[in-house]
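Colleague: Just one file: start25.cif, with mmCIF, C-alpha atoms.
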```
data_protein
#
loop_
_atom_site.group_PDB
_atom_site.id
_atom_site.type_symbol
_atom_site.label_atom_id
_atom_site.label_comp_id
_atom_site.auth_asym_id
_atom_site.auth_seq_id
_atom_site.Cartn_x
_atom_site.Cartn_y
_atom_site.Cartn_z
ATOM 1 C CA MET A 28 24.814 29.383 33.092
ATOM 2 C CA ALA A 29 25.286 27.021 36.027
ATOM 3 C CA SER A 30 28.776 26.182 37.212
ATOM 4 C CA GLY A 31 30.150 22.951 35.852
ATOM 5 C CA GLU A 32 28.369 23.224 32.493
ATOM 6 C CA PRO A 33 30.624 22.068 29.653
ATOM 7 C CA ARG A 34 32.970 24.415 27.872
ATOM 8 C CA ASN A 35 35.678 23.516 25.433
ATOM 9 C CA SER A 36 39.229 24.716 24.832
ATOM 10 C CA GLY A 37 37.942 27.753 22.956
ATOM 11 C CA GLY A 38 36.026 28.915 26.013
ATOM 12 C CA TYR A 39 32.666 28.830 24.207
ATOM 13 C CA TYR A 40 29.494 27.398 25.669
ATOM 14 C CA PHE A 41 26.757 26.234 23.287
ATOM 15 C CA ARG A 42 23.144 25.319 24.032
ATOM 16 C CA PHE A 43 20.883 23.320 21.758
ATOM 17 C CA LEU A 44 17.577 25.187 21.302
ATOM 18 C CA PRO A 45 14.999 22.621 20.125
ATOM 19 C CA GLN A 46 12.183 25.029 21.006
ATOM 20 C CA ARG A 47 13.316 27.413 18.253
ATOM 21 C CA THR A 48 11.346 26.306 15.207
ATOM 22 C CA PHE A 49 11.535 27.424 11.588
ATOM 23 C CA GLN A 50 8.291 28.156 9.781
ATOM 24 C CA PHE A 51 9.468 27.082 6.339
ATOM 25 C CA LEU A 52 9.761 23.494 7.601
ATOM 26 C CA SER A 53 6.101 23.372 8.644
ATOM 27 C CA ALA A 54 4.173 25.919 6.522
ATOM 28 C CA ARG A 55 1.796 23.847 4.361
ATOM 29 C CA GLU A 56 2.270 25.709 1.088
ATOM 30 C CA ILE A 57 6.060 25.745 1.435
ATOM 31 C CA THR A 58 6.338 22.050 2.319
ATOM 32 C CA SER A 59 4.031 21.205 -0.592
ATOM 33 C CA ARG A 60 6.403 22.966 -2.970
ATOM 34 C CA LEU A 61 9.461 21.344 -1.416
ATOM 35 C CA ARG A 62 7.808 17.964 -1.955
ATOM 36 C CA GLN A 63 7.162 18.805 -5.605
ATOM 37 C CA TRP A 64 10.783 19.889 -6.006
ATOM 38 C CA SER A 65 12.038 16.663 -4.369
ATOM 39 C CA MET A 66 13.504 18.595 -1.438
ATOM 40 C CA LEU A 67 11.125 17.806 1.434
ATOM 41 C CA GLY A 68 12.999 15.919 4.132
ATOM 42 C CA ARG A 69 16.340 16.942 2.670
ATOM 43 C CA MET A 70 16.498 20.395 4.255
ATOM 44 C CA GLU A 71 16.980 20.974 7.977
ATOM 45 C CA ALA A 72 17.412 23.986 10.254
ATOM 46 C CA GLN A 73 18.471 23.930 13.890
ATOM 47 C CA ALA A 74 19.262 26.622 16.431
ATOM 48 C CA PHE A 75 22.063 26.725 18.976
ATOM 49 C CA GLY A 76 22.789 29.554 21.411
ATOM 50 C CA PHE A 77 26.253 30.686 22.448
ATOM 51 C CA ASP A 78 27.568 32.867 25.245
ATOM 52 C CA GLN A 79 30.175 35.124 23.657
ATOM 53 C CA THR A 80 30.163 37.832 21.018
ATOM 54 C CA PHE A 81 30.823 36.358 17.601
ATOM 55 C CA LEU A 82 33.981 37.837 16.038
ATOM 56 C CA ALA A 83 34.369 37.232 12.309
ATOM 57 C CA TYR A 84 38.159 37.168 12.448
ATOM 58 C CA ARG A 85 37.909 34.269 14.931
ATOM 59 C CA LYS A 86 35.433 32.279 12.845
ATOM 60 C CA ASP A 87 37.688 29.208 12.568
ATOM 61 C CA ASP A 88 38.097 29.016 16.350
ATOM 62 C CA PHE A 89 34.354 29.511 16.768
ATOM 63 C CA PHE A 90 33.335 26.733 14.384
ATOM 64 C CA MET A 91 35.917 24.299 15.684
ATOM 65 C CA ALA A 92 34.627 24.949 19.211
ATOM 66 C CA PHE A 93 31.043 24.506 17.961
ATOM 67 C CA PHE A 94 31.585 21.143 16.278
ATOM 68 C CA ARG A 95 33.525 19.821 19.263
ATOM 69 C CA HIS A 96 31.123 20.959 21.981
ATOM 70 C CA PRO A 97 29.375 18.192 23.990
ATOM 71 C CA ASN A 98 25.991 19.917 23.538
ATOM 72 C CA VAL A 99 26.441 19.949 19.751
ATOM 73 C CA ILE A 100 27.875 16.495 18.994
ATOM 74 C CA PRO A 101 24.746 14.498 20.016
ATOM 75 C CA ASN A 102 22.236 17.021 18.594
ATOM 76 C CA LEU A 103 23.507 18.431 15.309
ATOM 77 C CA LYS A 104 21.682 16.732 12.414
ATOM 78 C CA LEU A 105 23.455 15.772 9.200
ATOM 79 C CA LEU A 106 22.186 14.013 6.097
ATOM 80 C CA SER A 107 24.039 10.724 5.624
ATOM 81 C CA ASP A 108 25.451 10.213 2.127
ATOM 82 C CA SER A 109 25.235 6.434 2.491
ATOM 83 C CA SER A 110 21.721 5.981 3.914
ATOM 84 C CA GLY A 111 20.024 9.232 2.892
ATOM 85 C CA GLN A 112 18.739 9.511 6.468
ATOM 86 C CA TRP A 113 19.259 12.245 9.045
ATOM 87 C CA VAL A 114 21.821 11.277 11.690
ATOM 88 C CA THR A 115 23.559 13.182 14.473
ATOM 89 C CA LEU A 116 27.191 14.259 14.252
ATOM 90 C CA GLY A 117 28.208 11.815 16.981
ATOM 91 C CA THR A 118 31.918 12.601 16.979
ATOM 92 C CA GLU A 119 34.397 15.465 17.211
ATOM 93 C CA VAL A 120 35.621 16.984 13.956
ATOM 94 C CA LYS A 121 39.300 17.099 13.057
ATOM 95 C CA LYS A 122 39.318 20.113 10.753
ATOM 96 C CA ILE A 123 36.963 22.859 9.553
ATOM 97 C CA GLU A 124 36.847 25.263 6.620
ATOM 98 C CA ALA A 125 34.518 28.265 6.922
ATOM 99 C CA ILE A 126 33.795 30.568 3.983
ATOM 100 C CA ASN A 127 31.812 33.769 4.397
ATOM 101 C CA VAL A 128 28.676 33.949 2.265
ATOM 102 C CA PRO A 129 27.651 37.572 1.558
ATOM 103 C CA CYS A 130 24.214 38.414 2.935
ATOM 104 C CA ARG A 131 23.364 41.988 1.970
ATOM 105 C CA GLN A 132 20.115 41.836 0.004
ATOM 106 C CA LEU A 133 17.020 43.383 1.558
ATOM 107 C CA SER A 134 14.609 43.160 -1.363
ATOM 108 C CA MET A 135 13.406 40.629 -3.898
ATOM 109 C CA SER A 136 13.868 43.362 -6.526
ATOM 110 C CA PHE A 137 17.293 41.685 -6.802
ATOM 111 C CA PHE A 138 15.558 39.317 -9.254
ATOM 112 C CA ASP A 139 13.782 41.957 -11.368
ATOM 113 C CA ARG A 140 16.476 41.544 -14.019
ATOM 114 C CA LEU A 141 14.944 38.154 -14.877
ATOM 115 C CA TYR A 142 12.005 40.085 -16.348
ATOM 116 C CA ASP A 143 14.183 42.803 -17.859
ATOM 117 C CA GLU A 144 16.296 40.268 -19.755
ATOM 118 C CA ASN A 145 13.327 38.221 -21.041
ATOM 119 C CA ILE A 146 14.229 35.187 -18.952
ATOM 120 C CA VAL A 147 10.775 35.480 -17.403
ATOM 121 C CA ARG A 148 7.793 37.022 -19.210
ATOM 122 C CA ASP A 149 5.742 39.829 -17.668
ATOM 123 C CA SER A 150 3.079 37.210 -16.924
ATOM 124 C CA GLY A 151 5.558 35.354 -14.723
ATOM 125 C CA HIS A 152 5.979 32.439 -17.129
ATOM 126 C CA ILE A 153 9.546 31.193 -17.517
ATOM 127 C CA VAL A 154 10.756 31.356 -21.123
ATOM 128 C CA LYS A 155 11.413 27.914 -22.631
ATOM 129 C CA CYS A 156 14.459 26.946 -24.694
ATOM 130 C CA LEU A 157 15.776 23.947 -26.596
ATOM 131 C CA ASP A 158 16.797 21.114 -24.296
ATOM 132 C CA SER A 159 20.417 20.769 -23.294
ATOM 133 C CA PHE A 160 22.261 19.113 -20.418
ATOM 134 C CA CYS A 161 24.508 20.412 -17.683
ATOM 135 C CA ASP A 162 25.161 17.193 -15.804
ATOM 136 C CA PRO A 163 23.102 16.151 -13.934
ATOM 137 C CA PHE A 164 20.508 18.788 -14.878
ATOM 138 C CA LEU A 165 18.252 18.965 -17.915
ATOM 139 C CA ILE A 166 18.059 22.581 -19.088
ATOM 140 C CA SER A 167 14.768 23.286 -20.837
ATOM 141 C CA ASP A 168 14.179 26.930 -19.934
ATOM 142 C CA GLU A 169 16.055 30.226 -19.814
ATOM 143 C CA LEU A 170 16.023 30.293 -16.006
ATOM 144 C CA ARG A 171 18.046 27.122 -15.568
ATOM 145 C CA LYS A 172 20.264 28.261 -18.430
ATOM 146 C CA VAL A 173 21.166 31.500 -16.644
ATOM 147 C CA LEU A 174 21.730 29.555 -13.420
ATOM 148 C CA LEU A 175 23.969 26.857 -14.897
ATOM 149 C CA GLU A 176 25.433 27.609 -18.339
ATOM 150 C CA GLU A 177 28.500 29.795 -17.983
ATOM 151 C CA ASP A 178 28.779 30.224 -21.748
ATOM 152 C CA SER A 179 25.171 31.388 -22.048
ATOM 153 C CA GLU A 180 24.811 34.914 -23.460
ATOM 154 C CA LYS A 181 22.681 35.854 -20.431
ATOM 155 C CA TYR A 182 24.834 34.243 -17.756
ATOM 156 C CA GLU A 183 26.330 37.624 -16.856
ATOM 157 C CA VAL A 184 22.872 38.959 -15.955
ATOM 158 C CA PHE A 185 24.069 37.976 -12.475
ATOM 159 C CA SER A 186 27.666 38.923 -11.737
ATOM 160 C CA GLN A 187 29.927 36.646 -9.713
ATOM 161 C CA PRO A 188 29.385 38.752 -6.536
ATOM 162 C CA ASP A 189 25.615 38.476 -7.171
ATOM 163 C CA ARG A 190 25.889 34.706 -7.401
ATOM 164 C CA GLU A 191 27.719 34.520 -4.086
ATOM 165 C CA GLU A 192 24.863 36.245 -2.223
ATOM 166 C CA PHE A 193 22.970 34.048 0.234
ATOM 167 C CA LEU A 194 19.669 35.110 -1.360
ATOM 168 C CA PHE A 195 20.862 33.940 -4.791
ATOM 169 C CA CYS A 196 22.208 30.665 -3.352
ATOM 170 C CA LEU A 197 18.812 29.900 -1.820
ATOM 171 C CA PHE A 198 17.004 30.788 -5.038
ATOM 172 C CA LYS A 199 19.299 28.638 -7.180
ATOM 173 C CA HIS A 200 18.994 25.712 -4.770
ATOM 174 C CA LEU A 201 15.201 25.829 -4.961
ATOM 175 C CA CYS A 202 15.066 26.296 -8.735
ATOM 176 C CA LEU A 203 17.284 23.282 -9.380
ATOM 177 C CA GLY A 204 15.631 21.103 -6.737
ATOM 178 C CA GLY A 205 16.300 17.452 -5.981
ATOM 179 C CA SER A 206 16.784 14.382 -8.150
ATOM 180 C CA LEU A 207 13.049 13.932 -8.887
ATOM 181 C CA CYS A 208 12.196 17.630 -9.142
ATOM 182 C CA GLN A 209 8.987 18.642 -10.926
ATOM 183 C CA TYR A 210 9.897 22.064 -12.271
ATOM 184 C CA GLU A 211 7.617 25.115 -12.238
ATOM 185 C CA ASP A 212 6.452 26.881 -15.384
ATOM 186 C CA GLU A 213 6.117 30.190 -13.517
ATOM 187 C CA ILE A 214 8.666 32.077 -11.438
ATOM 188 C CA TYR A 215 6.322 33.054 -8.585
ATOM 189 C CA PRO A 216 6.610 29.840 -6.479
ATOM 190 C CA TYR A 217 10.418 30.038 -6.564
ATOM 191 C CA LEU A 218 10.500 33.714 -5.591
ATOM 192 C CA GLU A 219 7.906 33.403 -2.839
ATOM 193 C CA THR A 220 9.554 30.344 -1.300
ATOM 194 C CA THR A 221 12.997 31.958 -1.463
ATOM 195 C CA LYS A 222 11.644 35.042 0.299
ATOM 196 C CA PHE A 223 9.886 32.969 2.969
ATOM 197 C CA ILE A 224 12.999 30.930 3.825
ATOM 198 C CA TYR A 225 15.306 33.949 3.674
ATOM 199 C CA LYS A 226 13.138 35.890 6.128
ATOM 200 C CA ASP A 227 12.996 32.846 8.401
ATOM 201 C CA LEU A 228 16.780 32.490 8.534
ATOM 202 C CA VAL A 229 18.067 36.069 8.369
ATOM 203 C CA SER A 230 17.675 38.679 11.114
ATOM 204 C CA VAL A 231 17.307 42.408 10.500
ATOM 205 C CA ARG A 232 17.037 45.569 12.597
ATOM 206 C CA LYS A 233 16.499 49.267 12.065
ATOM 207 C CA ASN A 234 19.614 51.391 12.447
ATOM 208 C CA PRO A 235 18.774 53.944 15.163
ATOM 209 C CA GLN A 236 20.816 56.672 13.438
ATOM 210 C CA THR A 237 19.889 56.196 9.777
ATOM 211 C CA LYS A 238 16.461 54.575 10.403
ATOM 212 C CA LYS A 239 17.302 52.138 7.604
ATOM 213 C CA ILE A 240 16.815 48.384 7.847
ATOM 214 C CA GLN A 241 20.061 46.429 7.991
ATOM 215 C CA ILE A 242 20.902 42.729 8.134
ATOM 216 C CA THR A 243 22.479 41.542 11.377
ATOM 217 C CA SER A 244 23.124 37.934 10.352
ATOM 218 C CA SER A 245 26.404 36.470 9.197
ATOM 219 C CA VAL A 246 26.273 33.432 6.919
ATOM 220 C CA PHE A 247 29.016 30.882 6.413
ATOM 221 C CA LYS A 248 29.438 27.751 4.346
ATOM 222 C CA VAL A 249 31.206 25.340 6.661
ATOM 223 C CA THR A 250 32.930 22.108 5.719
ATOM 224 C CA ALA A 251 33.711 19.981 8.771
ATOM 225 C CA TYR A 252 36.012 16.977 8.435
ATOM 226 C CA VAL A 253 35.644 14.078 10.857
ATOM 227 C CA SER A 254 38.502 12.213 9.141
ATOM 228 C CA MET A 255 40.668 12.611 6.083
ATOM 229 C CA ARG A 256 38.147 10.557 4.061
ATOM 230 C CA ARG A 257 34.825 12.030 5.198
ATOM 231 C CA ASN A 258 33.447 15.531 5.406
ATOM 232 C CA LEU A 259 30.163 17.106 6.431
ATOM 233 C CA GLN A 260 28.666 20.267 4.939
ATOM 234 C CA GLN A 261 25.970 22.734 5.901
ATOM 235 C CA MET A 262 25.060 26.357 5.373
ATOM 236 C CA SER A 263 24.887 28.025 8.771
ATOM 237 C CA PRO A 264 23.354 31.472 9.385
ATOM 238 C CA ILE A 265 24.757 33.053 12.545
ATOM 239 C CA THR A 266 23.223 36.122 14.145
ATOM 240 C CA CYS A 267 25.740 38.110 16.120
#
```
The structure given in the file should be rewritten as structure tokens.
Modeller:
Amino acid sequence: MASGEPRNSGGYYFRFLPQRTFQFLSAREITSRLRQWSMLGRMEAQAFGFDQTFLAYRKDDFFMAFFRHPNVIPNLKLLSDSSGQWVTLGTEVKKIEAINVPCRQLSMSFFDRLYDENIVRDSGHIVKCLDSFCDPFLISDELRKVLLEEDSEKYEVFSQPDREEFLFCLFKHLCLGGSLCQYEDEIYPYLETTKFIYKDLVSVRKNPQTKKIQITSSVFKVTAYVSMRRNLQQMSPITC
């Protein structure tokens, strides 16, 4: 780092890395599905580098430094609630809230219980059910029922810790889709797309002692407030 490059009060230096691309935003089959699910153009991923070891117990200091850094403010993209267009942050934040999102799953076998509990048939077809509503979603199959209806008899197929996992959050987000979502009749597109995005965002390595694969990414849900009346949200994977 050259002398004179900007740091902030937290002592962190951040670099915008536009050359770091994410395959799920350009892979033809994935973008085709995102379009069908009314999500294309409403998901974004960006990379920023930093110059110090990330310490989880200092996460609030880290994120405050991030959102206030002069290399972040003009580059970080956010989806405007008013226009529906991508805009840059453009200003320092006043307050942040960072919540750890567990990221421990290494296999899509995490979702095998959907077959075991007859939510999905062996053929991969999602079991249908009588229509009901969980505002703003129409529930017409057992998959959306297990994702949304807390009083459903199969809701506990996924425990609360399961539902907090980053892998589950991605899966649920894709299954529910956007406002004009065209839902799938089979589970395969949801599972494959979840796996593709998860692998694109999460880093792993082999433990030299145990020889087992382990996740090295930390994931946080961050709410950044630019004023008392406006807040900005994004899910941010951080490899440290």
Colleague: Given all atoms listed in the file as the basis, pick out the residue of A:Ser109, A:Leu165, A:Thr243, A:Val128 nearest to Gln209 (chain A).
Modeller: A:Leu165
Colleague: For a quick check of understanding, using only C-alpha atoms, which of A:Val231, A:Leu194, A:Leu175, A:Cys202 has the smallest distance to Ser159 (chain A)?
Modeller: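 When distances to Ser159 (chain A) are compared using only C-alpha atoms, the smallest one comes from A:Leu175.
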Colleague: Evaluate the PyMOL selection byres ((chain A and resi 48-54) around 12) on the structure here and hand back the selected residues as a PyMOL selection string.
Modeller: chain A and resi 43-47+55-62+66-75+219-229
Colleague: Report, in Å to a single decimal, how far apart CA of Ala125 (chain A) and CA of Gln79 (chain A) are.
Modeller: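 According to the coordinates, CA of Gln79 (chain A) and CA of Ala125 (chain A) are separated by 18.6 Å.
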Colleague: Check what the PyMOL selection byres ((chain A and resi 114) around 10) selects in the file above and give those residues as JSON, numbers by chain.
Modeller: {"A": [101, 102, 103, 104, 105, 106, 107, 110, 111, 112, 113, 115, 116, 117]}
Colleague: Can you list, as a VMD selection string, every protein, DNA or RNA residue that comes within 8 Å of region 82-87 of chain A when you count all atoms listed in the file, leaving out same-chain residues fewer than 3 positions away?
Modeller: chain A and resid 90 to 91 123 to 125
Colleague: Using Å and a single decimal, report how far CA of Pro188 (chain A) sits from CA of Lys239 (chain A).
Modeller: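 Distance between the two atoms: 22.9 Å.
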Colleague: The PyMOL selection byres ((chain A and resi 162) around 12) on the file shown: which residues, as a list in words?
Modeller: Ser159, Phe160, Cys161, Pro163, Phe164, Leu165, Ile166, Leu175, Glu176, Leu203 and Ser206 of chain A
Colleague: From the options A:Phe247, A:Asn98, A:Phe193, A:Phe185, which residue's atoms come nearest to Leu141 (chain A), counting only C-alpha atoms?
Modeller: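 Counting only C-alpha atoms, the residue closest to Leu141 (chain A) is A:Phe185.
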Colleague: What's around Ser167 (chain A) at 10 Å? Count only C-alpha atoms, leave out sequence neighbours fewer than 2 positions away in its own chain, and write the answer as a ChimeraX atom specification.
Modeller: /A:154-160,164-165,169-172,210
